[in-house]
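S.K.: Structure incoming, see below.
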Amino acid sequence: MARPRIVVYPPSGGGRRVRVDDAILGRARGLGELLRLLRQAGITLDEVRLGDDASIEWRGGGPTAWE
């Protein structure tokens with residue numbers, strides 16, 4: 001099974017838009033909300049590493065940039 005393509009867009013409007021493959025999951029305002037969105041999409045931390053560029057494409061800053 002192929003790894004999902006996760007993109008976290010630059011901070012804008014109080015959060016960051018999150019996309020998995022072709023679906024926009026919503027907007028996260030922090031890591032907790034990002035993890036919740038990923039879990040709701042069926043993605044576990046076993047499948048993705050937050051600091052690994054091969055797991056998540058961070059646009060406009062990494063996992064510490066939320067504003």
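By convention here, the chains of the structure tokens are called A, B, ... in the order presented, each chain's residues are numbered starting at 1, and ligands are numbered starting at 1 in the order presented.
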Just want the 7 Å neighbourhood of segment 18-31 of chain A, counted on only C-alpha atoms, with same-chain residues fewer than 4 positions away dropped. Output as a ChimeraX atom specification.
M.R.: /A:4-9,14,35,37,66
S.K.: Which residues are close to Glu67 of chain A, i.e. within 8 Å by only C-alpha atoms, leaving aside same-chain residues fewer than 3 positions away? Reply as a ChimeraX atom specification.
M.R.: /A:11-12,14-15
S.K.: Residues of chain A classed as strand (DSSP E or B) by DSSP on the backbone are to be reported as a PyMOL selection string.
M.R.: chain A and resi 6-8+16-20+23-28+56-58
S.K.: Write out as number ranges by chain all residues of chain A that DSSP puts in helix (DSSP H, G or I) for this structure's backbone.
M.R.: A: 31-40
S.K.: Could you save those same residues with N, CA and C atoms as a CSV table (one decimal), in the first residue's frame?
M.R.:
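Here's the written file selection-v7.csv:
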chain,number,residue,atom,x,y,z
A,31,LEU,N,0.0,21.1,16.6
A,31,LEU,CA,0.3,19.7,16.4
A,31,LEU,C,-0.8,18.8,16.8
A,32,GLY,N,-1.5,19.1,18.0
A,32,GLY,CA,-2.6,18.2,18.5
A,32,GLY,C,-3.7,18.2,17.4
A,33,GLU,N,-4.1,19.3,16.9
A,33,GLU,CA,-5.1,19.3,15.9
A,33,GLU,C,-4.7,18.6,14.6
A,34,LEU,N,-3.4,18.7,14.2
A,34,LEU,CA,-2.9,18.0,13.0
A,34,LEU,C,-3.0,16.5,13.2
A,35,LEU,N,-2.6,16.0,14.4
A,35,LEU,CA,-2.7,14.6,14.7
A,35,LEU,C,-4.1,14.1,14.7
A,36,ARG,N,-5.0,14.9,15.2
A,36,ARG,CA,-6.5,14.6,15.2
A,36,ARG,C,-7.0,14.4,13.8
A,37,LEU,N,-6.7,15.4,13.0
A,37,LEU,CA,-7.1,15.3,11.6
A,37,LEU,C,-6.5,14.1,10.9
A,38,LEU,N,-5.3,13.8,11.1
A,38,LEU,CA,-4.7,12.6,10.5
A,38,LEU,C,-5.3,11.3,11.0
A,39,ARG,N,-5.6,11.2,12.3
A,39,ARG,CA,-6.2,10.0,12.9
A,39,ARG,C,-7.6,9.9,12.3
A,40,GLN,N,-8.4,11.0,12.1
A,40,GLN,CA,-9.7,10.9,11.5
A,40,GLN,C,-9.6,10.4,10.1
S.K.: Of the candidates A:Ala41, A:Gly62, A:Asp53, A:Glu47, which shows the shortest atom-to-atom distance to Ala2 of chain A, using only C-alpha atoms?
M.R.: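 Closest to Ala2 of chain A of all the choices is A:Glu47.
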S.K.: Could you tell me which of A:Asp52, A:Gly60, A:Ala65, A:Gly42 comes closest to Pro10 of chain A if we count only C-alpha atoms?
M.R.: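 Looking only at the distances to Pro10 of chain A, the closest residue turns out to be A:Gly60.
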S.K.: Could you tell me how far atom CA of Arg16 of chain A lies from atom CA of Ala54 of chain A, in Å and to one decimal?
M.R.: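 Atom-to-atom, atom CA of Arg16 of chain A to atom CA of Ala54 of chain A, that is 18.8 Å.
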